[in-house]
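Enquirer: Okay, here's the structure, questions in a sec.
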Amino acid sequence: MIDVINLEKHFGNNKVLNGINVTIEKGDIMVVIGPSGSGKSTFLRCLNCMEDPTGGQIIFNGENIADMKVDINKHRQHMGMVFQHFNLFNNKTVLQNIMLAPVHVQCKNLRKAKRQNVLRKCANCFRKDKKELNEITTTKKQIIDTAKEKALSLLKSIGLEDKADVYPSTLSGGQKQRVAIVRALAMNPDVILFDEPTSALDPEMVGEVLDLMKKLANEGMTMVIVTHEMGFAREVANKVIFIDDGQILESGTPERFFGNPKNPRLKDFLSKVL
Amino acid sequence: MDSFILKVEKFIEIFIEYNGYVKVLEGLKNTLIIAVLGLLIGIVIGILIATVRVIPKYKILPRILNGICSVYVGLFRGAPMVVQLLVFYYVMLPLLDIHMTGVQVAILVFGLNSGAYISEIMRGGIQSVDSGQMEAGRAVGLSFGTTMMKIVIPQAVKNILPTMGNEFIALIKETSVVSFVGAADLYVAFNYIGSNSYEFMVPYLVMAIIYILLVLIISLLVKLLERSLGKSDRRN
């Protein structure tokens, strides 16, 4: 689903990513590990062009999204992202946080279709073979209602339906991160990128977030996860890659990766963290 | 003490019998008009400049606009208000052959000047919002503009409101120099009362009290506004 070809990124003279090649298939749970400063977060942020790659290609659903000409917003709608510091919208309630993007995107499409129809109607007056009008099946109210229904059922699935109308500042870290995951899910993404989702949490809250991620994995969601939770990686991932100095030094299934590491630097890293 | 009471009586006499209150009300009206319209023009200019300053600068057009805005801000923050008024009234108007009253000139100059300050306040406010908010908006597929309007600016407004209140207060106080270009503000009104009675003590005291009252009222309004916007910070 995502083909990363020779991805490069440098900030000024500082080369952070140095030719990364990797393929992520549908249903993959790929975990990215590596020492801090190795470029693993930058790699993840390049996948949805939060950082614009300076070289190489990222083929997502058949299109190279590293190209500055493509409409990146369209592609990001199919690519959820979860941040280390949650980044819930502080001025919106939990429910609004989840509903905002789906409602906005669908309403925008609706407006566009209506606009096109008006133009086509005018143009049809002068055409012999009339062009067909866009079919408009929903209204703004319907869009909002279905989005709300979906948001509430998502909230219910993480047990936070009673928090729908509070602001994020009243939630605990674990609750915030679970809401952030649900916010990404509300767009029905093809893949979700996790940027160290548990690093900013209190130890006792790590479990609830990891459980939710496991549940997602079992439901077949494609996920790319940067994390320091080795136990989680070993249990859930079907592919692990080790990045250091902006290059993939080793990749493979978790059994081989953790059981029989080849690369000396990976051995060194694992001996420190395990 | 007796002489002070005498002075007060004299002031009241002129204030009421020689139409002093008409002058004062007119002065108050002009002061408020200059400050309020100046602030409104300033906000419009400030929004335009702040927008130019925060949009990404990959392309050439934003860079040129950014340069122009830098010059504008530098120019209007560089000279005192009185100097700007004088230059505008006695240099620009004759050169361009335009006729404007003192109040109109004052409104325009105050607007242009506060625009420079307000743009910086707004830029600071927008940049003070955590960059993660913008990233989160972009990550769910919203455009830069939509994220700005729906997420970043509402939070920035809350941050800059106290500073904007300050700016408005500063504007009100600075209007006391508009008599340089012949606009009749509060200072002119009380000066008129003073010179008619050859007695300046009480008029200037009353003038000070009126300015202080004005500022107190505005601070109160700003505080009320802040409170109604602070909903998402409160833990309920």
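Identifiers in this document derive from the order of the structure tokens: chains are assigned A, B, ..., residues are numbered from 1 separately in each chain, and ligands are numbered from 1 in order of occurrence.
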Can you list every residue of chain A that has an atom at most 9 Å from chain B, with its nearest atom pair and the distance in Å to one decimal, using only C-alpha atoms, ordered by chain then number, as a Markdown table?
Expert:
| residue | atom | partner | partner_atom | distance |
| --- | --- | --- | --- | --- |
| A:Asn48 | CA | B:Ala139 | CA | 7.7 |
| A:Met50 | CA | B:Glu135 | CA | 7.4 |
| A:Ile72 | CA | B:Gly141 | CA | 7.8 |
| A:Asn73 | CA | B:Gly141 | CA | 4.4 |
| A:Lys74 | CA | B:Gly141 | CA | 6.3 |
| A:His75 | CA | B:Gly141 | CA | 7.3 |
| A:Arg76 | CA | B:Gly141 | CA | 4.7 |
| A:Gln77 | CA | B:Gly141 | CA | 4.5 |
| A:His78 | CA | B:Gly141 | CA | 8.1 |
| A:Met79 | CA | B:Val140 | CA | 7.5 |
| A:Gly80 | CA | B:Val140 | CA | 6.2 |
| A:Met81 | CA | B:Ala139 | CA | 6.0 |
| A:Val82 | CA | B:Ala136 | CA | 8.3 |
| A:Phe83 | CA | B:Ala136 | CA | 8.0 |
| A:His85 | CA | B:Gly132 | CA | 7.8 |
| A:Phe86 | CA | B:Gly132 | CA | 8.4 |
| A:Asn87 | CA | B:Gly132 | CA | 5.4 |
| A:Leu88 | CA | B:Gln133 | CA | 7.1 |
| A:Phe89 | CA | B:Gln133 | CA | 6.2 |
| A:Asn90 | CA | B:Ser232 | CA | 6.9 |
| A:Asn91 | CA | B:Ser232 | CA | 5.8 |
| A:Lys92 | CA | B:Ser232 | CA | 7.4 |
| A:Thr93 | CA | B:Ser232 | CA | 7.9 |
| A:Ala101 | CA | B:Val140 | CA | 6.3 |
| A:Pro102 | CA | B:Val140 | CA | 8.7 |
| A:His104 | CA | B:Leu142 | CA | 8.1 |
| A:Val105 | CA | B:Leu142 | CA | 7.6 |
| A:Val166 | CA | B:Asn236 | CA | 7.6 |
| A:Tyr167 | CA | B:Ser232 | CA | 5.6 |
| A:Pro168 | CA | B:Ser232 | CA | 8.0 |
| A:Ser169 | CA | B:Asp233 | CA | 6.6 |
| A:Thr170 | CA | B:Arg235 | CA | 5.6 |
| A:Arg183 | CA | B:Val140 | CA | 8.4 |
| A:Ala184 | CA | B:Val140 | CA | 6.8 |
| A:Met187 | CA | B:Val140 | CA | 7.5 |
Enquirer: Name the residues of segment 4-113 of chain A that come out as strand (DSSP E) in a backbone DSSP run; write them as JSON, numbers by chain.
Expert: {"A": [4, 5, 6, 7, 8, 9, 10, 11, 14, 15, 16, 17, 18, 19, 20, 21, 22, 23, 24, 29, 30, 31, 32, 33, 55, 56, 57, 58, 59, 60, 63, 64, 79, 80, 81, 82]}
Enquirer: Can you measure atom CA of Ala208 of chain B to atom CA of Ile43 of chain B for me? One decimal in Å is fine.
Expert: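 Straight-line distance from atom CA of Ala208 of chain B to atom CA of Ile43 of chain B works out to 27.5 Å.
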Enquirer: I'd like the contact shell of Tyr187 of chain B - 8 Å cut-off, only C-alpha atoms, skipping same-chain residues fewer than 6 positions apart - returned as a compact mmCIF listing (two decimals) with N, CA, C and O atoms, in the first residue's frame.
Expert:
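Ended up saving to part_35.txt:
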# COMPACT_ATOMS: atom_id res chain seq x y z
N GLY B 27 -15.61 66.76 22.64
CA GLY B 27 -14.23 66.25 22.76
C GLY B 27 -14.22 64.77 23.04
O GLY B 27 -13.48 63.99 22.43
N SER B 176 -4.68 62.15 22.98
CA SER B 176 -4.52 63.49 23.57
C SER B 176 -3.55 64.36 22.79
O SER B 176 -3.38 65.53 23.13
N SER B 179 -4.69 67.34 18.97
CA SER B 179 -4.88 68.78 18.79
C SER B 179 -3.76 69.39 17.96
O SER B 179 -3.92 70.47 17.41
N MET B 207 -10.19 66.35 33.65
CA MET B 207 -9.78 65.64 32.43
C MET B 207 -9.09 64.32 32.78
O MET B 207 -9.40 63.27 32.21
Enquirer: Give me the residues near Ala35 of chain B as JSON, numbers by chain, where near means some atom within 7 Å (using only C-alpha atoms) and where sequence neighbours in that chain fewer than 6 positions away do not count.
Expert: {"B": [171, 172, 175]}
Enquirer: Hey, can you spit out that residue selection with N, CA, C and O atoms as a PDB file, in the first residue's frame?
Expert:
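Saved the output as out-v4.pdb:
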ATOM      1  N   LEU B 171      -4.181  53.541  22.741  1.00  0.00           N
ATOM      2  CA  LEU B 171      -4.718  54.402  21.686  1.00  0.00           C
ATOM      3  C   LEU B 171      -5.518  55.552  22.282  1.00  0.00           C
ATOM      4  O   LEU B 171      -5.360  56.706  21.894  1.00  0.00           O
ATOM      5  N   ILE B 172      -6.407  55.216  23.235  1.00  0.00           N
ATOM      6  CA  ILE B 172      -7.243  56.256  23.845  1.00  0.00           C
ATOM      7  C   ILE B 172      -6.364  57.337  24.461  1.00  0.00           C
ATOM      8  O   ILE B 172      -6.603  58.539  24.296  1.00  0.00           O
ATOM      9  N   THR B 175      -4.640  59.650  21.982  1.00  0.00           N
ATOM     10  CA  THR B 175      -5.435  60.625  21.236  1.00  0.00           C
ATOM     11  C   THR B 175      -5.249  62.025  21.803  1.00  0.00           C
ATOM     12  O   THR B 175      -5.641  62.993  21.163  1.00  0.00           O
TER      13      THR B 175
END
